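A quick write-up on the structure given underneath.
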Amino acid sequence: MVEAKEMINETECETKFEPKLIGFLCNWCSYAGADLAGTSRVQYPPNIRIVRVMCTGRLDPQLILNTFRYGADGVLIAGCHEGDCHYIGGNYRAYRKYILLKEFVKKMGINEKRLRLEWVSASEGERFAKVVREMVDDIKEIGPSPFGVTTTGGVVEDEPEPKI
Amino acid sequence: MEEEPRIGVFVCNCGINIGGVVNVEEVAEYATTLPNVVVSRSSLYTCSDRGQGMIKDDIDEFKLNRVIVASCSPRMHEPTFRKVIEEKGLNKYVFEQANLREHVSWVHSKQPEEATKKAKDLVRMAVAKARLLESLPQHLVDVKGEALVIGGGISGLTAAKSIADRGFKVHLVEKTPNFGGKMAQLYKVFPTFDDPQELLNPLVEDIMAHPNITPYLSAEIADIEGYIGNYRAIIREQTEEKEIEFGTIIVATGFNAYDPNGEFKYGKHQNILTAMELHQLMRADGPTQGNLVTPAEGKTPRSIALISCVGSRQNENTVPEGKKPNAYCSRVCCTGMIATGMEIKEKSPDADIFVLYRDLRTHGKGHEELFTEFRQTGSTMIRYTDDQLPMISSTQGAEYPLSVTSYDSLSGLNVEIPVDLVVLATGMIPDDSASNIASKLHITISADGFFQELHPKLAPLDSVTDGVYLAGTAQGPKDVPDSVSQSLGAAAKACAPMALGQVEVESTIAVIDEDFCTGCGVCQGSCEFSAIVFEERDEGKKVSKVIEALCKGCGTCGSSCPSAAITMLHFKDAQLDAMVKAALTPQAGEK
């Protein structure tokens with residue numbers, strides 16, 4: 001009995017869930033904020049992969065949905081604070097899309113906590129790290145995405161290469 | 001026909017900055033397994049001459065048409081590496097950078113295995129994007145040979161004159177009725193004890209008479225728009241409004257003295273002054289014609305306490321509730337306080353001076369020497385601690401009107417000092433106009449409230465916006481020599497694009513496929529820069545068109561287009577999608 005129990009524990013260890021997060025960060029504020037976390041040597045969990053965009057306003061809802069489709073356990077959109085957008089109001093437009101997307105992902109059966117939008121300025125390295133920490137903790141609690149590809153190593157659909 | 005991508009991957013150790021955490025060799029080795037990668041190498045410093053030479057050699061040898069450098073943040077070295085590949089005849093947009101330092105080794109420094117795994121993911125994502133990168137046409141814009149300088153203190157004046165002396169027109173805008181800023185309000189400036197008017201007056205005269213400078217006093221910027229080379233603003237001078245055009249901007253909005261209201265009994269007794277108020281009192285044009293007397297009694301002070309770090313190096317426990325603590329050091333108050341002590345000694349040689357300080361930071365050229373000289377005056381130094389701030393109380397009827405009590409960490413004793421006058425060496429805070437200017441110019445403010453430079457070490461005079469430069473205390477606390485140095489630097493920076501007459505702007509703009517455009521106009525509503533207009537086509541069909549010079553490349557229109565007719569160059573849907581896919585489904589991004 002004892003042995004069997006230990007084995008189960010071992011298996012649990014091996015399959016310990018490490019969420020995969022994708023972060024879409026605007027070049028001017030949040031990407032610079034993430035850079036500052038680096039220059040300040042602030043530590044945060046290595047679960048996030050960052051994609052740089054010039055502005056959060058650029059984020060097409062389709063891209064966010066695709067990100068979930070490819071198996072992301074969480075998606076972070078981070079841009080400039082209200083009034084700080086390098087392009088005047090791109091962040092507000094991102095926010096409008098985000099509100100709709102939240103509703104949409106809920107209807108798709110995705111826990112809305114998996115999609116998060118934050119304003120992170122270029123001077124908020126510590127805050128960026130905190131947001132990532134929180135998100136990793138939240139998603140560890142709710143478990144893998146229902147599109148559940150991360151734990152199995154990824155499902156790739158058979159589709160042609162995207163056209164340029 | 002589209003040529004097959006030939007990608008070179010260069011993984012940087014950055015000394016031990018990356019290599020000390022990430023297994024760089026393993027990442028470079030892994031990169032060779034990725035599609036279209038024909039060569040992958042590691043180097044100690046890819047940005048060094050040798051590292052750059054390696055990239056150039058490999059472009060020749062392997063006929064590379066895409067280059068990836070996996071190193072620091074693209075915000076740091078993207079321009080460097082773009083230049084490298086341009087020298088080899090490649091278009092700068094076929095370069096992609098993976099950020100293994102700021103986003104990996106520095107933030108996961110205790111998890112080398114995970115960091116190496118993440119580094120591989122980032123390289124795979126970069127390869128996925130690089131395969132889809134395209135050469136983009138270069139866009140040059142003309143730069144108008146005129147500059148706008150905001151702020152007429154020592155920094156703004158210096159910058160304006162320096163630019164004007166090089167032959168460019170300058171619009172110098174000052175919000176108060178006089179030039180000279182805060183420096184003009186001082187009694188003397190350390191460490192040389194010059195009368196600030198003697199330094200400022202000739203400069204202001206030069207400015208007023210300069211054929212290339214248009215001064216605006218009691219003026220403000222009502223409106224501003226444009227981009228490097230082509231700015232337009234409306235200057236409101238009292239009731240008049242004037243429209244001006246210019247190519248570059250210098251922000252020299254300066255500082256304000258910290259308001260110690262609610263601290264050290266400031267405002268509760270007339271004999272408790274800030275350093276700025278004491279300066280005013282000692283000036284020949286001051287209320288007492290320069291006689292140093294106590295405001296309450298009008299008598300020569302016999303005993304004076306100077307208290308440092310008021311409004312600087314604060315934490316939650318050292319500020320009254322509701323006040324935001326200023327964590328930074330204001331850099332000028334220590335030497336300023338010492339200099340003030342010497343000026344007091346000059347005016348009232350018999351006065352006893354007590355300096356209450358936390359740490360004494362006399363770091364500038366000639367400052368420590370000044371402190372050594374001050375110590376010869378026999379003044380008493382008392383070192384207080386931030387958990388026991390000096391307390392000030394008024395002593396009705398006693399011989400001295402005020403009493404200062406403090407713990408002295410040097411002697412370990414609590415001391416009580418009867419004084420006539422208390423002077424608070426207040427720190428610097430940004431000028432009130434800072435946040436307004438920041439939002440008008442789309443430049444950022446750092447946590448301390450001052451304007452943020454593009455890079456603390458490598459680009460301390462640039463703001464995040466091309467063509468906008470920072471000078472003086474607007475960027476952070478500085479003394480006069482530092483402000484002047486920085487202003488001269490900012491002036492030189494502003495002159496560079498004006499001297500060239502043309503600058504290259506990013507080619508990463510939106511393009512509209514007219515065949516797909518239904519002419520709904522949603523994109524026009526989403527564009528903050530009015531860069532999209534309707535154009536008539538055959539049979540009265542209306543299509544949207546991007547005005548290239550106005551497009552800033554945010555991509556907001558692209559994500560709003562219901563017909564997917566808009567492509568955001570260099571950040572195309574397919575390119576971003578490929579990165580995400582490569583991140584999440586490793587085998588999709590591998591050979």
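Residues in the structure tokens are named by chain (A, B, ... in the order shown) and by number from 1 within that chain; ligands are numbered from 1 in the order shown.
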Exercise for review: When you get a sec, could you note down which chain A residues fall within 8 Å of chain B, using only C-alpha atoms, as a VMD selection string?
Suggested key: chain A and resid 20 22 28 32 34 to 39 41 to 46 49 51 53 to 61 63 66 to 67 70 to 72 83 to 90 93 122 to 124 150 153 to 156 162 to 164
Give me a file of those residues, with N, CA and C atoms, as a compact mmCIF listing (two decimals), in the first residue's frame.
# COMPACT_ATOMS: atom_id res chain seq x y z
N LYS A 20 0.93 27.67 -19.35
CA LYS A 20 1.63 28.41 -20.41
C LYS A 20 0.86 29.70 -20.68
N ILE A 22 0.71 33.49 -22.62
CA ILE A 22 1.21 34.36 -23.68
C ILE A 22 0.90 35.79 -23.27
N TRP A 28 5.77 50.49 -25.91
CA TRP A 28 6.18 51.73 -25.26
C TRP A 28 6.09 51.68 -23.74
N ALA A 32 8.49 47.76 -22.10
CA ALA A 32 9.56 48.46 -21.39
C ALA A 32 9.48 48.17 -19.89
N ALA A 34 8.39 45.36 -18.61
CA ALA A 34 8.93 44.00 -18.47
C ALA A 34 10.46 44.04 -18.56
N ASP A 35 10.98 44.91 -19.42
CA ASP A 35 12.44 45.09 -19.49
C ASP A 35 12.98 45.60 -18.16
N LEU A 36 12.23 46.53 -17.56
CA LEU A 36 12.69 47.10 -16.28
C LEU A 36 12.69 46.04 -15.18
N ALA A 37 11.71 45.14 -15.23
CA ALA A 37 11.72 44.02 -14.28
C ALA A 37 13.05 43.30 -14.41
N GLY A 38 13.51 43.15 -15.65
CA GLY A 38 14.80 42.51 -15.90
C GLY A 38 15.97 43.31 -15.37
N THR A 39 16.04 44.59 -15.75
CA THR A 39 17.18 45.39 -15.29
C THR A 39 17.18 45.53 -13.77
N ARG A 41 16.26 43.10 -11.89
CA ARG A 41 16.44 41.71 -11.43
C ARG A 41 15.28 41.22 -10.57
N VAL A 42 14.07 41.69 -10.88
CA VAL A 42 12.89 41.20 -10.17
C VAL A 42 12.59 39.80 -10.71
N GLN A 43 12.36 38.84 -9.83
CA GLN A 43 12.13 37.47 -10.28
C GLN A 43 10.63 37.18 -10.39
N TYR A 44 10.25 36.48 -11.45
CA TYR A 44 8.87 36.01 -11.58
C TYR A 44 8.88 34.66 -12.29
N PRO A 45 7.78 33.90 -12.18
CA PRO A 45 7.81 32.54 -12.73
C PRO A 45 8.02 32.54 -14.26
N PRO A 46 8.73 31.54 -14.78
CA PRO A 46 9.08 31.54 -16.21
C PRO A 46 7.97 30.99 -17.11
N ARG A 49 5.41 33.75 -22.20
CA ARG A 49 6.14 34.04 -23.43
C ARG A 49 5.59 35.35 -23.97
N VAL A 51 5.04 38.46 -26.54
CA VAL A 51 5.00 38.89 -27.94
C VAL A 51 4.88 40.41 -27.93
N VAL A 53 4.03 43.95 -29.41
CA VAL A 53 3.27 44.65 -30.44
C VAL A 53 3.50 46.15 -30.21
N MET A 54 3.27 46.96 -31.22
CA MET A 54 3.53 48.38 -31.02
C MET A 54 2.51 48.98 -30.07
N CYS A 55 1.26 48.50 -30.17
CA CYS A 55 0.18 49.07 -29.35
C CYS A 55 -0.82 47.97 -29.06
N THR A 56 -1.42 47.99 -27.88
CA THR A 56 -2.45 46.98 -27.59
C THR A 56 -3.65 47.16 -28.52
N GLY A 57 -3.81 48.37 -29.04
CA GLY A 57 -4.90 48.61 -30.00
C GLY A 57 -4.78 47.74 -31.24
N ARG A 58 -3.57 47.24 -31.50
CA ARG A 58 -3.34 46.42 -32.67
C ARG A 58 -3.93 45.02 -32.51
N LEU A 59 -4.24 44.62 -31.26
CA LEU A 59 -4.61 43.23 -31.02
C LEU A 59 -5.98 42.90 -31.59
N ASP A 60 -5.93 42.00 -32.55
CA ASP A 60 -7.13 41.54 -33.21
C ASP A 60 -7.76 40.46 -32.33
N PRO A 61 -9.06 40.57 -32.03
CA PRO A 61 -9.69 39.52 -31.21
C PRO A 61 -9.43 38.13 -31.75
N LEU A 63 -6.77 37.02 -33.05
CA LEU A 63 -5.45 36.56 -32.61
C LEU A 63 -5.52 36.02 -31.17
N ASN A 66 -7.24 32.71 -31.31
CA ASN A 66 -6.30 31.71 -31.83
C ASN A 66 -5.32 31.28 -30.75
N THR A 67 -4.89 32.25 -29.94
CA THR A 67 -3.93 31.93 -28.88
C THR A 67 -4.51 30.90 -27.92
N TYR A 70 -4.60 27.52 -29.73
CA TYR A 70 -3.32 26.82 -29.77
C TYR A 70 -2.94 26.27 -28.39
N GLY A 71 -3.77 26.54 -27.40
CA GLY A 71 -3.56 25.88 -26.11
C GLY A 71 -3.01 26.73 -24.99
N ALA A 72 -3.05 28.05 -25.13
CA ALA A 72 -2.57 28.90 -24.04
C ALA A 72 -3.47 28.70 -22.82
N GLY A 83 -4.56 57.47 -20.63
CA GLY A 83 -3.98 58.78 -20.91
C GLY A 83 -2.51 58.74 -21.29
N ASP A 84 -1.88 57.57 -21.17
CA ASP A 84 -0.44 57.47 -21.45
C ASP A 84 -0.12 56.83 -22.79
N CYS A 85 -1.15 56.45 -23.54
CA CYS A 85 -0.91 55.68 -24.77
C CYS A 85 -0.05 56.49 -25.73
N HIS A 86 1.00 55.85 -26.24
CA HIS A 86 1.90 56.49 -27.20
C HIS A 86 1.13 56.91 -28.45
N TYR A 87 0.04 56.21 -28.72
CA TYR A 87 -0.78 56.52 -29.90
C TYR A 87 -2.12 57.12 -29.47
N ILE A 88 -2.10 57.89 -28.43
CA ILE A 88 -3.23 58.64 -27.88
C ILE A 88 -4.29 57.73 -27.22
N GLY A 89 -4.93 56.87 -28.05
CA GLY A 89 -6.04 56.11 -27.46
C GLY A 89 -6.10 54.65 -27.85
N GLY A 90 -4.99 54.09 -28.31
CA GLY A 90 -5.00 52.67 -28.70
C GLY A 90 -5.39 51.77 -27.55
N ARG A 93 -9.08 51.51 -27.09
CA ARG A 93 -9.70 50.63 -28.10
C ARG A 93 -9.45 49.17 -27.74
N ALA A 122 6.12 51.91 -18.18
CA ALA A 122 7.54 51.60 -18.38
C ALA A 122 8.31 51.62 -17.07
N SER A 123 7.73 52.24 -16.04
CA SER A 123 8.45 52.31 -14.76
C SER A 123 7.93 51.28 -13.76
N GLU A 124 7.03 50.40 -14.22
CA GLU A 124 6.42 49.46 -13.27
C GLU A 124 6.92 48.03 -13.47
N THR A 150 -1.52 21.80 -23.42
CA THR A 150 -0.20 21.97 -22.82
C THR A 150 0.30 20.71 -22.13
N GLY A 153 1.29 18.06 -24.52
CA GLY A 153 2.42 18.42 -25.37
C GLY A 153 2.02 19.10 -26.65
N GLY A 154 0.76 19.40 -26.80
CA GLY A 154 0.38 20.22 -27.94
C GLY A 154 -0.33 19.45 -29.03
N VAL A 155 -1.40 20.01 -29.52
CA VAL A 155 -2.13 19.43 -30.63
C VAL A 155 -2.01 20.41 -31.78
N VAL A 156 -1.53 19.96 -32.88
CA VAL A 156 -1.43 20.86 -34.02
C VAL A 156 -2.42 20.44 -35.07
N PRO A 162 0.16 29.80 -42.95
CA PRO A 162 -0.56 31.05 -43.21
C PRO A 162 0.06 31.81 -44.38
N LYS A 163 -0.81 32.42 -45.16
CA LYS A 163 -0.32 33.23 -46.29
C LYS A 163 0.19 34.55 -45.76
N ILE A 164 1.21 35.08 -46.39
CA ILE A 164 1.73 36.39 -45.98
C ILE A 164 0.76 37.46 -46.47
Point to revise | Close residues, Leu470 (chain B) itself excluded, 10 Å, only C-alpha atoms, min 6 positions apart in chain, as a PyMOL selection string | key: chain B and resi 149-150+155-156+249-253+451-454+460-463+476+486-487+489-491+493-494
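Those residues of region 422-510 of chain B that DSSP, working from the backbone, places in strand (DSSP E) are Val422, Val423, Leu424, Ala425, Thr426, Met428, Ile429, Pro430, Val468, Tyr469, Leu470, Gln502, Val503, Glu504, Val505 and Ala510 of chain B.
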Grab the residues selected above and save them as a PDB file, in the first residue's frame with N, CA, C and O atoms.
ATOM      1  N   VAL B 422      14.804  77.917  11.834  1.00  0.00           N
ATOM      2  CA  VAL B 422      14.955  76.555  11.313  1.00  0.00           C
ATOM      3  C   VAL B 422      14.846  76.628   9.793  1.00  0.00           C
ATOM      4  O   VAL B 422      13.925  77.251   9.262  1.00  0.00           O
ATOM      5  N   VAL B 423      15.810  76.026   9.094  1.00  0.00           N
ATOM      6  CA  VAL B 423      15.772  76.017   7.629  1.00  0.00           C
ATOM      7  C   VAL B 423      15.659  74.583   7.154  1.00  0.00           C
ATOM      8  O   VAL B 423      16.476  73.728   7.521  1.00  0.00           O
ATOM      9  N   LEU B 424      14.636  74.312   6.367  1.00  0.00           N
ATOM     10  CA  LEU B 424      14.411  72.960   5.855  1.00  0.00           C
ATOM     11  C   LEU B 424      15.010  72.857   4.454  1.00  0.00           C
ATOM     12  O   LEU B 424      14.605  73.583   3.547  1.00  0.00           O
ATOM     13  N   ALA B 425      15.990  71.967   4.289  1.00  0.00           N
ATOM     14  CA  ALA B 425      16.615  71.783   2.973  1.00  0.00           C
ATOM     15  C   ALA B 425      15.697  70.896   2.134  1.00  0.00           C
ATOM     16  O   ALA B 425      15.834  69.681   2.084  1.00  0.00           O
ATOM     17  N   THR B 426      14.725  71.554   1.501  1.00  0.00           N
ATOM     18  CA  THR B 426      13.691  70.813   0.769  1.00  0.00           C
ATOM     19  C   THR B 426      14.215  70.296  -0.567  1.00  0.00           C
ATOM     20  O   THR B 426      15.041  70.921  -1.213  1.00  0.00           O
ATOM     21  N   MET B 428      13.581  68.355  -4.514  1.00  0.00           N
ATOM     22  CA  MET B 428      12.961  68.775  -5.774  1.00  0.00           C
ATOM     23  C   MET B 428      11.815  67.840  -6.128  1.00  0.00           C
ATOM     24  O   MET B 428      11.918  66.628  -5.960  1.00  0.00           O
ATOM     25  N   ILE B 429      10.742  68.427  -6.651  1.00  0.00           N
ATOM     26  CA  ILE B 429       9.674  67.623  -7.242  1.00  0.00           C
ATOM     27  C   ILE B 429       9.466  68.145  -8.667  1.00  0.00           C
ATOM     28  O   ILE B 429       9.875  69.268  -8.978  1.00  0.00           O
ATOM     29  N   PRO B 430       8.856  67.356  -9.559  1.00  0.00           N
ATOM     30  CA  PRO B 430       8.680  67.830 -10.930  1.00  0.00           C
ATOM     31  C   PRO B 430       7.780  69.058 -10.968  1.00  0.00           C
ATOM     32  O   PRO B 430       6.940  69.251 -10.085  1.00  0.00           O
ATOM     33  N   VAL B 468      11.937  64.353 -29.543  1.00  0.00           N
ATOM     34  CA  VAL B 468      11.681  65.046 -28.273  1.00  0.00           C
ATOM     35  C   VAL B 468      12.797  64.688 -27.286  1.00  0.00           C
ATOM     36  O   VAL B 468      13.039  63.510 -27.033  1.00  0.00           O
ATOM     37  N   TYR B 469      13.491  65.718 -26.774  1.00  0.00           N
ATOM     38  CA  TYR B 469      14.656  65.485 -25.917  1.00  0.00           C
ATOM     39  C   TYR B 469      14.449  66.142 -24.554  1.00  0.00           C
ATOM     40  O   TYR B 469      13.676  67.092 -24.426  1.00  0.00           O
ATOM     41  N   LEU B 470      15.163  65.626 -23.549  1.00  0.00           N
ATOM     42  CA  LEU B 470      14.963  66.088 -22.173  1.00  0.00           C
ATOM     43  C   LEU B 470      16.185  66.864 -21.692  1.00  0.00           C
ATOM     44  O   LEU B 470      17.321  66.457 -21.935  1.00  0.00           O
ATOM     45  N   GLN B 502      16.728  65.473 -43.128  1.00  0.00           N
ATOM     46  CA  GLN B 502      15.799  64.377 -43.385  1.00  0.00           C
ATOM     47  C   GLN B 502      16.064  63.281 -42.362  1.00  0.00           C
ATOM     48  O   GLN B 502      17.211  63.076 -41.964  1.00  0.00           O
ATOM     49  N   VAL B 503      15.040  62.613 -41.931  1.00  0.00           N
ATOM     50  CA  VAL B 503      15.266  61.433 -41.101  1.00  0.00           C
ATOM     51  C   VAL B 503      14.434  60.287 -41.647  1.00  0.00           C
ATOM     52  O   VAL B 503      13.408  60.491 -42.297  1.00  0.00           O
ATOM     53  N   GLU B 504      14.924  59.102 -41.343  1.00  0.00           N
ATOM     54  CA  GLU B 504      14.173  57.935 -41.758  1.00  0.00           C
ATOM     55  C   GLU B 504      13.160  57.638 -40.671  1.00  0.00           C
ATOM     56  O   GLU B 504      13.496  57.617 -39.489  1.00  0.00           O
ATOM     57  N   VAL B 505      11.923  57.450 -41.065  1.00  0.00           N
ATOM     58  CA  VAL B 505      10.922  57.068 -40.073  1.00  0.00           C
ATOM     59  C   VAL B 505      10.567  55.607 -40.297  1.00  0.00           C
ATOM     60  O   VAL B 505      10.841  55.037 -41.353  1.00  0.00           O
ATOM     61  N   ALA B 510       0.376  50.965 -41.690  1.00  0.00           N
ATOM     62  CA  ALA B 510      -0.757  50.164 -42.135  1.00  0.00           C
ATOM     63  C   ALA B 510      -0.950  50.339 -43.640  1.00  0.00           C
ATOM     64  O   ALA B 510      -0.755  51.433 -44.175  1.00  0.00           O
TER      65      ALA B 510
END
Would you kindly return, as a PDB file with N, CA, C and O atoms, in the first residue's frame, each protein, DNA or RNA residue with an atom no farther than 10 Å from any atom of Val131 (chain A), considering only C-alpha atoms and excluding same-chain residues fewer than 5 positions away?
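Final output, saved to result_23.pdb:
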ATOM      1  N   TYR A  44      10.254  36.476 -11.454  1.00  0.00           N
ATOM      2  CA  TYR A  44       8.868  36.011 -11.583  1.00  0.00           C
ATOM      3  C   TYR A  44       8.881  34.656 -12.289  1.00  0.00           C
ATOM      4  O   TYR A  44       9.886  34.289 -12.903  1.00  0.00           O
ATOM      5  N   LEU A  76      -2.283  37.368 -21.392  1.00  0.00           N
ATOM      6  CA  LEU A  76      -2.178  38.683 -20.761  1.00  0.00           C
ATOM      7  C   LEU A  76      -2.025  39.740 -21.852  1.00  0.00           C
ATOM      8  O   LEU A  76      -1.196  39.605 -22.751  1.00  0.00           O
ATOM      9  N   ALA A  78      -1.139  43.667 -22.049  1.00  0.00           N
ATOM     10  CA  ALA A  78      -0.679  44.750 -21.179  1.00  0.00           C
ATOM     11  C   ALA A  78      -0.304  45.966 -22.014  1.00  0.00           C
ATOM     12  O   ALA A  78       0.430  45.860 -22.997  1.00  0.00           O
ATOM     13  N   ARG A 116      -6.613  38.379 -19.258  1.00  0.00           N
ATOM     14  CA  ARG A 116      -6.451  39.504 -18.337  1.00  0.00           C
ATOM     15  C   ARG A 116      -5.831  40.686 -19.069  1.00  0.00           C
ATOM     16  O   ARG A 116      -4.917  40.527 -19.871  1.00  0.00           O
ATOM     17  N   LEU A 117      -6.362  41.865 -18.797  1.00  0.00           N
ATOM     18  CA  LEU A 117      -5.773  43.084 -19.357  1.00  0.00           C
ATOM     19  C   LEU A 117      -5.273  43.939 -18.204  1.00  0.00           C
ATOM     20  O   LEU A 117      -5.969  44.094 -17.203  1.00  0.00           O
ATOM     21  N   GLU A 118      -4.059  44.423 -18.349  1.00  0.00           N
ATOM     22  CA  GLU A 118      -3.482  45.256 -17.292  1.00  0.00           C
ATOM     23  C   GLU A 118      -2.797  46.463 -17.910  1.00  0.00           C
ATOM     24  O   GLU A 118      -2.246  46.365 -19.001  1.00  0.00           O
ATOM     25  N   VAL A 120       0.386  48.534 -17.542  1.00  0.00           N
ATOM     26  CA  VAL A 120       1.701  48.489 -16.897  1.00  0.00           C
ATOM     27  C   VAL A 120       2.592  49.536 -17.563  1.00  0.00           C
ATOM     28  O   VAL A 120       2.837  49.461 -18.760  1.00  0.00           O
ATOM     29  N   GLU A 126       8.286  46.071 -11.222  1.00  0.00           N
ATOM     30  CA  GLU A 126       7.849  45.248 -10.097  1.00  0.00           C
ATOM     31  C   GLU A 126       6.390  44.842 -10.286  1.00  0.00           C
ATOM     32  O   GLU A 126       5.998  43.713 -10.029  1.00  0.00           O
ATOM     33  N   VAL A 136      -0.139  33.405 -12.868  1.00  0.00           N
ATOM     34  CA  VAL A 136       0.316  32.011 -12.801  1.00  0.00           C
ATOM     35  C   VAL A 136      -0.387  31.312 -11.634  1.00  0.00           C
ATOM     36  O   VAL A 136      -0.909  30.199 -11.784  1.00  0.00           O
ATOM     37  N   ASP A 137      -0.472  31.983 -10.489  1.00  0.00           N
ATOM     38  CA  ASP A 137      -1.153  31.391  -9.330  1.00  0.00           C
ATOM     39  C   ASP A 137      -2.623  31.128  -9.622  1.00  0.00           C
ATOM     40  O   ASP A 137      -3.147  30.045  -9.345  1.00  0.00           O
TER      41      ASP A 137
END
Exercise for review: May I have the residues within 10 Å of Ser145 (chain A) as a PyMOL selection string, using only C-alpha atoms and disregarding those fewer than 5 positions away in the same chain?
Suggested key: chain A and resi 19-20+68-69+71-74+109-111+114+139+150-151
Practice item. Go through region 10-122 of chain A and collect every residue that DSSP, computed from the backbone, puts in alpha helix (DSSP H); the answer should be as a VMD selection string. Key: chain A and resid 10 to 14 30 to 39 61 to 69 90 to 107
Print the selection's residues with C-alpha atoms to a file, as a PDB file, in the first residue's frame.
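The resulting file, selection_22.pdb, is reproduced below:
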ATOM      1  CA  GLU A  10       5.671  10.643  -7.976  1.00  0.00           C
ATOM      2  CA  THR A  11       3.295  10.648 -10.906  1.00  0.00           C
ATOM      3  CA  GLU A  12       1.650  13.742  -9.528  1.00  0.00           C
ATOM      4  CA  CYS A  13       5.045  15.393  -9.338  1.00  0.00           C
ATOM      5  CA  GLU A  14       5.833  14.599 -12.919  1.00  0.00           C
ATOM      6  CA  SER A  30       4.466  47.345 -20.835  1.00  0.00           C
ATOM      7  CA  TYR A  31       7.299  45.808 -22.866  1.00  0.00           C
ATOM      8  CA  ALA A  32       9.560  48.462 -21.387  1.00  0.00           C
ATOM      9  CA  GLY A  33       8.084  47.667 -17.961  1.00  0.00           C
ATOM     10  CA  ALA A  34       8.932  44.003 -18.468  1.00  0.00           C
ATOM     11  CA  ASP A  35      12.440  45.088 -19.491  1.00  0.00           C
ATOM     12  CA  LEU A  36      12.686  47.100 -16.283  1.00  0.00           C
ATOM     13  CA  ALA A  37      11.723  44.024 -14.277  1.00  0.00           C
ATOM     14  CA  GLY A  38      14.803  42.509 -15.904  1.00  0.00           C
ATOM     15  CA  THR A  39      17.181  45.388 -15.292  1.00  0.00           C
ATOM     16  CA  PRO A  61      -9.689  39.525 -31.206  1.00  0.00           C
ATOM     17  CA  GLN A  62      -9.094  36.732 -33.701  1.00  0.00           C
ATOM     18  CA  LEU A  63      -5.446  36.555 -32.606  1.00  0.00           C
ATOM     19  CA  ILE A  64      -6.429  36.268 -28.944  1.00  0.00           C
ATOM     20  CA  LEU A  65      -8.907  33.518 -29.737  1.00  0.00           C
ATOM     21  CA  ASN A  66      -6.299  31.712 -31.832  1.00  0.00           C
ATOM     22  CA  THR A  67      -3.930  31.932 -28.883  1.00  0.00           C
ATOM     23  CA  PHE A  68      -6.453  30.034 -26.789  1.00  0.00           C
ATOM     24  CA  ARG A  69      -7.031  27.633 -29.659  1.00  0.00           C
ATOM     25  CA  GLY A  90      -4.998  52.674 -28.704  1.00  0.00           C
ATOM     26  CA  ASN A  91      -5.262  51.330 -25.169  1.00  0.00           C
ATOM     27  CA  TYR A  92      -8.903  52.454 -24.882  1.00  0.00           C
ATOM     28  CA  ARG A  93      -9.703  50.628 -28.099  1.00  0.00           C
ATOM     29  CA  ALA A  94      -7.959  47.550 -26.745  1.00  0.00           C
ATOM     30  CA  TYR A  95     -10.068  47.849 -23.616  1.00  0.00           C
ATOM     31  CA  ARG A  96     -13.297  47.927 -25.636  1.00  0.00           C
ATOM     32  CA  LYS A  97     -12.307  44.784 -27.493  1.00  0.00           C
ATOM     33  CA  TYR A  98     -11.243  43.180 -24.224  1.00  0.00           C
ATOM     34  CA  ILE A  99     -14.662  43.700 -22.629  1.00  0.00           C
ATOM     35  CA  LEU A 100     -16.327  41.968 -25.569  1.00  0.00           C
ATOM     36  CA  LEU A 101     -13.699  39.237 -25.662  1.00  0.00           C
ATOM     37  CA  LYS A 102     -14.258  38.494 -21.980  1.00  0.00           C
ATOM     38  CA  GLU A 103     -17.923  37.797 -22.724  1.00  0.00           C
ATOM     39  CA  PHE A 104     -17.020  35.780 -25.754  1.00  0.00           C
ATOM     40  CA  VAL A 105     -14.486  33.513 -24.064  1.00  0.00           C
ATOM     41  CA  LYS A 106     -16.942  32.871 -21.242  1.00  0.00           C
ATOM     42  CA  LYS A 107     -19.454  31.666 -23.814  1.00  0.00           C
TER      43      LYS A 107
END
**Study point:** Of the listed residues A:Cys29, A:Val75, A:Phe24, A:Lys113, that which approaches Glu141 (chain A) most closely, counting only C-alpha atoms
**Key:** A:Lys113
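Across the structure, CA of Tyr93 (chain B) and CA of Gln138 (chain B) are spaced 9.8 Å apart.
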